[in-house]
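As provided, entry_11.txt (compact mmCIF, C-alpha atoms) reads as follows.
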# COMPACT_ATOMS: atom_id res chain seq x y z
CA VAL A 1 0.00 0.00 0.00
CA VAL A 2 1.46 3.34 -1.07
CA GLY A 3 0.19 6.01 1.32
CA ALA A 4 -0.75 5.68 5.00
CA GLY A 5 -3.68 8.10 4.98
CA PHE A 6 -7.09 6.96 6.15
CA LEU A 7 -7.87 5.09 2.94
CA GLY A 8 -4.52 3.32 2.77
CA ALA A 9 -4.58 2.50 6.47
CA GLU A 10 -8.11 1.09 6.31
CA ALA A 11 -7.25 -1.07 3.29
CA ALA A 12 -4.10 -2.33 5.02
CA SER A 13 -6.06 -3.27 8.14
CA VAL A 14 -8.66 -5.22 6.17
CA VAL A 15 -6.10 -7.15 4.15
CA ARG A 16 -3.87 -7.83 7.14
CA SER A 17 -6.89 -9.06 9.14
CA ALA A 18 -7.44 -11.60 6.33
CA GLY A 19 -3.97 -13.01 7.01
CA VAL A 20 -2.15 -11.42 4.07
CA GLU A 21 1.30 -9.89 4.47
CA VAL A 22 1.07 -6.11 4.04
CA THR A 23 3.71 -3.44 3.53
CA VAL A 24 2.68 0.22 3.82
CA LEU A 25 4.95 2.91 2.37
CA GLU A 26 4.52 6.45 3.69
CA PRO A 27 6.71 9.49 2.87
CA ALA A 28 5.91 11.34 6.11
CA ALA A 29 7.65 10.52 9.38
CA VAL A 30 4.30 9.71 11.02
CA PRO A 31 1.07 8.58 9.32
CA LEU A 32 -1.73 11.17 9.30
CA ALA A 33 0.34 13.72 11.25
CA HIS A 34 -0.71 16.53 8.89
CA ALA A 35 -4.35 15.86 9.71
CA VAL A 36 -4.47 14.64 13.31
CA GLY A 37 -1.08 15.49 14.83
CA ARG A 38 2.07 13.56 15.62
CA ARG A 39 1.06 11.71 18.80
CA VAL A 40 -2.27 10.52 17.39
CA GLY A 41 -0.49 9.47 14.19
CA GLU A 42 2.01 7.50 16.27
CA ALA A 43 -0.86 5.68 18.00
CA VAL A 44 -2.25 4.66 14.60
CA ALA A 45 1.20 3.53 13.47
CA LYS A 46 1.70 1.39 16.58
CA ALA A 47 -1.70 -0.27 16.08
CA HIS A 48 -0.69 -1.34 12.58
CA ARG A 49 2.73 -2.58 13.63
CA ASP A 50 1.22 -4.49 16.58
CA HIS A 51 -0.99 -6.29 14.05
CA GLY A 52 1.96 -7.27 11.87
CA VAL A 53 1.84 -4.57 9.18
CA ASP A 54 5.27 -3.69 7.79
CA LEU A 55 4.82 0.08 8.04
CA ARG A 56 7.73 2.03 6.57
CA THR A 57 7.70 5.78 7.09
CA GLY A 58 9.96 8.44 5.63
CA VAL A 59 10.29 6.58 2.33
CA ALA A 60 9.76 8.08 -1.11
CA VAL A 61 8.17 6.01 -3.89
CA ALA A 62 9.52 6.54 -7.40
CA SER A 63 7.22 4.26 -9.37
CA VAL A 64 5.26 1.05 -9.50
CA ALA A 65 7.57 -1.44 -11.15
CA GLU A 66 7.30 -5.01 -12.35
CA GLY A 67 6.98 -7.16 -9.28
CA GLY A 68 6.54 -4.37 -6.77
CA VAL A 69 7.29 -0.75 -5.94
CA LEU A 70 10.51 1.09 -6.73
CA LEU A 71 11.70 3.49 -4.05
CA ALA A 72 13.61 6.69 -4.69
CA ASN A 73 16.75 5.11 -3.19
CA GLY A 74 16.66 2.35 -5.80
CA GLU A 75 15.26 -0.37 -3.55
CA CYS A 76 12.46 -2.52 -4.94
CA VAL A 77 9.78 -3.58 -2.46
CA GLU A 78 8.30 -6.83 -3.75
CA ALA A 79 4.52 -7.10 -3.96
CA ASP A 80 1.88 -9.27 -5.63
CA GLU A 81 -0.61 -6.39 -5.64
CA VAL A 82 -0.10 -2.65 -5.24
CA LEU A 83 -2.72 -0.21 -3.96
CA VAL A 84 -1.90 3.48 -4.43
CA ALA A 85 -3.74 5.69 -1.92
CA VAL A 86 -2.07 9.08 -2.17
CA GLY A 87 -5.03 11.43 -2.29
CA SER A 88 -7.20 12.76 -5.07
CA ILE A 89 -7.35 15.71 -7.43
CA PRO A 90 -10.79 17.19 -8.11
CA ASN A 91 -11.84 16.64 -11.72
CA THR A 92 -12.57 20.20 -12.82
CA GLU A 93 -10.83 20.21 -16.21
CA TRP A 94 -14.16 20.17 -18.02
CA LEU A 95 -15.02 23.50 -16.36
CA ARG A 96 -12.02 25.39 -17.68
CA GLY A 97 -13.14 28.35 -19.74
CA SER A 98 -16.60 28.28 -18.17
CA GLY A 99 -16.05 31.46 -16.21
CA LEU A 100 -16.38 29.62 -12.91
CA MET A 101 -13.60 30.01 -10.34
CA LEU A 102 -11.40 26.92 -9.94
CA ARG A 103 -8.93 26.50 -7.10
CA ASP A 104 -8.37 22.91 -5.99
CA GLY A 105 -12.05 22.38 -6.67
CA LEU A 106 -14.98 24.55 -7.71
CA VAL A 107 -15.05 27.68 -5.55
CA CYS A 108 -18.45 28.39 -3.97
CA ASP A 109 -19.93 30.82 -1.48
CA ALA A 110 -21.34 29.89 1.92
CA CYS A 111 -24.53 28.60 0.26
CA CYS A 112 -22.49 26.26 -2.01
CA ARG A 113 -23.25 28.48 -5.00
CA ALA A 114 -20.53 28.82 -7.63
CA ALA A 115 -22.54 31.26 -9.79
CA PRO A 116 -26.20 32.24 -10.19
CA GLY A 117 -28.05 28.97 -10.66
CA VAL A 118 -24.87 26.88 -10.31
CA PHE A 119 -24.22 24.85 -7.15
CA ALA A 120 -21.61 22.23 -6.22
CA VAL A 121 -21.76 19.26 -3.87
CA GLY A 122 -19.27 16.73 -2.61
CA ASP A 123 -15.53 16.28 -3.06
CA VAL A 124 -15.28 18.85 -5.86
CA ALA A 125 -16.94 21.70 -3.94
CA ARG A 126 -14.72 24.27 -2.20
CA TRP A 127 -17.16 26.35 -0.22
CA HIS A 128 -16.88 28.92 2.54
CA ASN A 129 -17.86 27.41 5.89
CA PRO A 130 -19.04 30.35 8.02
CA LEU A 131 -18.75 28.30 11.22
CA TYR A 132 -14.96 28.35 10.86
CA GLY A 133 -14.60 31.36 8.57
CA VAL A 134 -12.49 29.42 6.06
CA ASP A 135 -12.89 27.77 2.67
CA MET A 136 -13.14 23.98 2.83
CA ARG A 137 -13.08 21.08 0.41
CA LEU A 138 -13.87 17.83 2.22
CA GLU A 139 -13.67 14.29 0.89
CA HIS A 140 -15.95 12.71 3.47
CA ARG A 141 -19.09 10.79 2.54
CA THR A 142 -21.01 12.37 5.40
CA ASN A 143 -20.18 15.85 4.15
CA ALA A 144 -21.37 15.06 0.63
CA SER A 145 -24.68 13.75 2.00
CA GLU A 146 -25.31 16.75 4.23
CA GLN A 147 -24.20 19.18 1.53
CA GLY A 148 -26.59 17.64 -0.96
CA VAL A 149 -29.51 18.24 1.40
CA ALA A 150 -28.39 21.84 1.98
CA VAL A 151 -28.08 22.56 -1.74
CA ALA A 152 -31.47 20.99 -2.50
CA ARG A 153 -33.04 23.27 0.12
CA ASN A 154 -31.38 26.35 -1.40
CA VAL A 155 -32.39 25.40 -4.94
CA LEU A 156 -36.00 25.06 -3.80
CA ASN A 157 -35.87 28.29 -1.81
CA PRO A 158 -33.81 30.70 -3.92
CA GLN A 159 -35.22 33.76 -2.14
CA ALA A 160 -34.02 32.59 1.27
CA PRO A 161 -30.81 30.56 0.86
CA LYS A 162 -29.13 29.28 4.01
CA PRO A 163 -25.37 28.95 4.51
CA PHE A 164 -23.98 25.43 4.83
CA ALA A 165 -22.11 25.56 8.13
CA PRO A 166 -21.56 21.99 9.34
CA VAL A 167 -19.25 20.54 11.95
CA PRO A 168 -17.29 18.13 9.70
CA TYR A 169 -17.37 14.49 10.81
CA PHE A 170 -15.52 11.38 9.77
CA TRP A 171 -14.75 7.96 11.14
CA SER A 172 -12.27 5.24 10.28
CA ASP A 173 -12.33 1.56 11.30
CA GLN A 174 -8.87 0.01 11.52
CA PHE A 175 -8.42 -3.45 13.04
CA ASP A 176 -10.29 -3.36 16.38
CA LEU A 177 -10.18 0.42 16.57
CA ARG A 178 -12.72 3.04 15.59
CA ILE A 179 -11.39 6.55 15.06
CA GLN A 180 -14.00 9.33 15.10
CA ALA A 181 -13.54 13.06 14.67
CA HIS A 182 -15.80 16.09 14.80
CA GLY A 183 -14.61 19.46 13.60
CA TYR A 184 -11.88 20.84 11.38
CA LEU A 185 -8.53 19.50 12.56
CA ARG A 186 -6.26 20.65 9.74
CA GLY A 187 -4.03 23.59 10.50
CA HIS A 188 -4.55 23.24 14.25
CA ASP A 189 -2.29 25.08 16.68
CA ALA A 190 -2.34 22.62 19.57
CA VAL A 191 -3.64 19.21 20.65
CA ALA A 192 -4.44 18.18 24.23
CA LEU A 193 -5.52 14.93 25.85
CA VAL A 194 -8.87 15.43 27.59
CA GLU A 195 -9.85 11.85 28.37
CA GLY A 196 -8.30 8.39 28.42
CA ASP A 197 -4.78 7.19 27.60
CA VAL A 198 -3.05 7.42 24.21
CA GLY A 199 -0.84 4.43 25.00
CA GLU A 200 -3.90 2.26 25.55
CA ARG A 201 -5.48 3.61 22.35
CA ARG A 202 -8.60 4.73 24.25
CA PHE A 203 -8.70 8.49 24.43
CA VAL A 204 -10.24 11.79 23.37
CA ALA A 205 -8.01 14.55 22.01
CA ALA A 206 -9.06 18.19 21.64
CA TYR A 207 -7.72 20.46 18.88
CA ARG A 208 -7.23 24.21 19.19
CA THR A 209 -7.12 26.74 16.37
CA GLY A 210 -6.57 30.27 17.59
CA GLY A 211 -8.48 30.59 20.84
CA CYS A 212 -11.30 28.19 19.94
CA LEU A 213 -11.98 24.48 20.19
CA ALA A 214 -11.71 23.50 16.50
CA GLY A 215 -12.42 19.80 16.84
CA VAL A 216 -12.09 16.58 18.79
CA LEU A 217 -10.89 13.09 17.91
CA ALA A 218 -11.57 9.86 19.76
CA MET A 219 -9.95 6.47 19.42
CA GLY A 220 -11.55 3.36 20.88
CA MET A 221 -14.35 5.33 22.59
CA ALA A 222 -18.14 5.04 22.38
CA PRO A 223 -19.87 7.68 20.18
CA ARG A 224 -21.78 9.05 23.17
CA VAL A 225 -18.50 10.22 24.69
CA LEU A 226 -18.05 12.67 21.82
CA ARG A 227 -21.56 14.15 21.77
CA PRO A 228 -20.98 16.88 24.35
CA TRP A 229 -17.66 17.72 22.71
CA ARG A 230 -19.35 18.06 19.34
CA GLN A 231 -21.80 20.52 20.85
CA LEU A 232 -18.90 22.60 22.15
CA VAL A 233 -17.27 22.57 18.70
CA ALA A 234 -20.55 23.67 17.08
CA ALA A 235 -20.88 26.48 19.62
CA ARG A 236 -17.32 27.65 18.83
CA ALA A 237 -16.45 27.33 22.51
CA THR A 238 -13.22 28.91 23.63
CA TRP A 239 -10.30 26.66 24.47
CA ALA A 240 -10.06 28.08 27.98
CA GLU A 241 -13.65 27.24 28.91
CA CYS A 242 -13.65 23.59 27.82
CA VAL A 243 -10.06 22.25 28.11
CA PRO A 244 -8.42 22.04 31.57
CA ILE A 245 -5.31 24.15 31.88
CA ASP A 246 -3.34 21.08 33.04
CA ALA A 247 -4.49 18.81 30.18
CA PRO A 248 -1.49 16.89 28.77
CA VAL A 249 -0.21 18.37 25.51
CA LEU A 250 0.00 15.86 22.66
CA ASP A 251 1.78 18.02 20.04

Any chance you could put this one into structure tokens?
Amino acid sequence: VVGAGFLGAEAASVVRSAGVEVTVLEPAAVPLAHAVGRRVGEAVAKAHRDHGVDLRTGVAVASVAEGGVLLANGECVEADEVLVAVGSIPNTEWLRGSGLMLRDGLVCDACCRAAPGVFAVGDVARWHNPLYGVDMRLEHRTNASEQGVAVARNVLNPQAPKPFAPVPYFWSDQFDLRIQAHGYLRGHDAVALVEGDVGERRFVAAYRTGGCLAGVLAMGMAPRVLRPWRQLVAARATWAECVPIDAPVLD
């Protein structure tokens, strides 16, 4: 598996659970660190290694070669099958010259409107989320579903459009773990442990952006544990009012 993001990690866990030898190649020093932070990424990495996955980080892939994968250092990693999971590029080429604004997706306003009478939904839509005050393009199934409902409402009520301002949500099942997250974790300034133990892979981590609680992530915890935290994220609660001052820092 080339790429230890959520897709690559999930595929690796399924195949390894079926008894197949799996090698995962990841250019970053820690899987998922750009999205969830170093310590949480290390917990994911340890889970895979504990289950027998040959996880190699800090390696650059040059190409898929006959019989395996060729690394930038000239080494060939043998493989019967190769899965490349290195992210996606929104397919907007067909919109070039249309007059619509393209920037890593189709740029939309807070109501998911790219132009009068033109709306976008799903992975291709880069819209302004007023809850966070930033433009977002999310590749989560839950976001596409919720966004579709929001756009349908705005199409049917053009005189009173409503901004699409969700708290993003995703989950990932890997081996015996379920990872769940509410909020916008990318670009966070700090991460703190607010419940559980990272070493035991049962914990809740809070993410700060500026002075606000931007999101939370749980590993190995019941969904009900996250509900009050999600409400705090939706309310744009300040970091000081919801995270203890002595909470252990994870990044």

(Q) Given only C-alpha atoms as the basis, pick out the residue of A:Leu185, A:Cys242, A:Ala45, A:Val167 nearest to Leu131 (chain A). (A)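 Selected residue with least distance to Leu131 (chain A): A:Val167.
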
**Q.** For CA of Thr142 (chain A) and CA of Val121 (chain A), the interatomic separation in Å (one decimal)
**A.**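 If I compute the distance from CA of Thr142 (chain A) to CA of Val121 (chain A), I get 11.6 Å.
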
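Considering all atoms listed in the file, the residue among A:Leu217, A:Val30, A:Val194, A:Val82 positioned nearest to Val1 (chain A) is A:Val82.
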
Q: Compute the distance from (-23.2, 11.3, -5.6) to each atom, counting only C-alpha atoms, keep the residues with any atom at most 9 Å away, and return them as a ChimeraX atom specification; use the coordinates of the file.
A: /A:121-122,144-145,148

Q.
I want to know what sits within 7 Å of region 205-215 of chain A, based on all atoms listed in the file, with residues of the same chain fewer than 4 positions away left out; could you give that as a PyMOL selection string?
A. chain A and resi 182-185+188-194+233+236-239

Q.
Please compute the CA of Arg137 (chain A)-CA of Gly8 (chain A) distance, one decimal, in Å.
A.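 Distance reported for this atom pair: 19.9 Å.
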
Q.
Considering all atoms listed in the file, can you say which of A:Ala120, A:Ala125, A:Leu83, A:Ala234 comes closest to Ala11 (chain A)?
A.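 The shortest atom-to-atom distance to Ala11 (chain A) comes from A:Leu83.
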
Q: For CA of His140 (chain A) and CA of Ala43 (chain A), quote the distance in Å rounded to one decimal.
A: 22.1 Å

Need the axis-aligned box for region 184-189 of chain A with 3 Å each side, so what are the centre and edges in Å to one decimal, as lines of an AutoDock Vina configuration file?
center_x = -7.1
center_y = 22.3
center_z = 13.2
size_x = 15.6
size_y = 11.6
size_z = 12.9

Q. Between A:Ala12, A:Ala4, A:Val225, A:Val44, which is the closest to Leu25 (chain A) once you count only C-alpha atoms?
A. A:Ala4

Q | Selection: 7 Å around Ala181 (chain A), only C-alpha atoms, excl. self and same-chain fewer than 2 positions, as a list in words | A | Tyr169, Phe170, Trp171, Ile179, Gly183, Val216, Leu217 and Ala218 of chain A

Residues from the last selection, C-alpha atoms, saved as a PDB file, in the coordinates of the input:
ATOM      1  CA  TYR A 169     -17.370  14.490  10.810  1.00  0.00           C
ATOM      2  CA  PHE A 170     -15.520  11.380   9.770  1.00  0.00           C
ATOM      3  CA  TRP A 171     -14.750   7.960  11.140  1.00  0.00           C
ATOM      4  CA  ILE A 179     -11.390   6.550  15.060  1.00  0.00           C
ATOM      5  CA  GLY A 183     -14.610  19.460  13.600  1.00  0.00           C
ATOM      6  CA  VAL A 216     -12.090  16.580  18.790  1.00  0.00           C
ATOM      7  CA  LEU A 217     -10.890  13.090  17.910  1.00  0.00           C
ATOM      8  CA  ALA A 218     -11.570   9.860  19.760  1.00  0.00           C
TER       9      ALA A 218
END
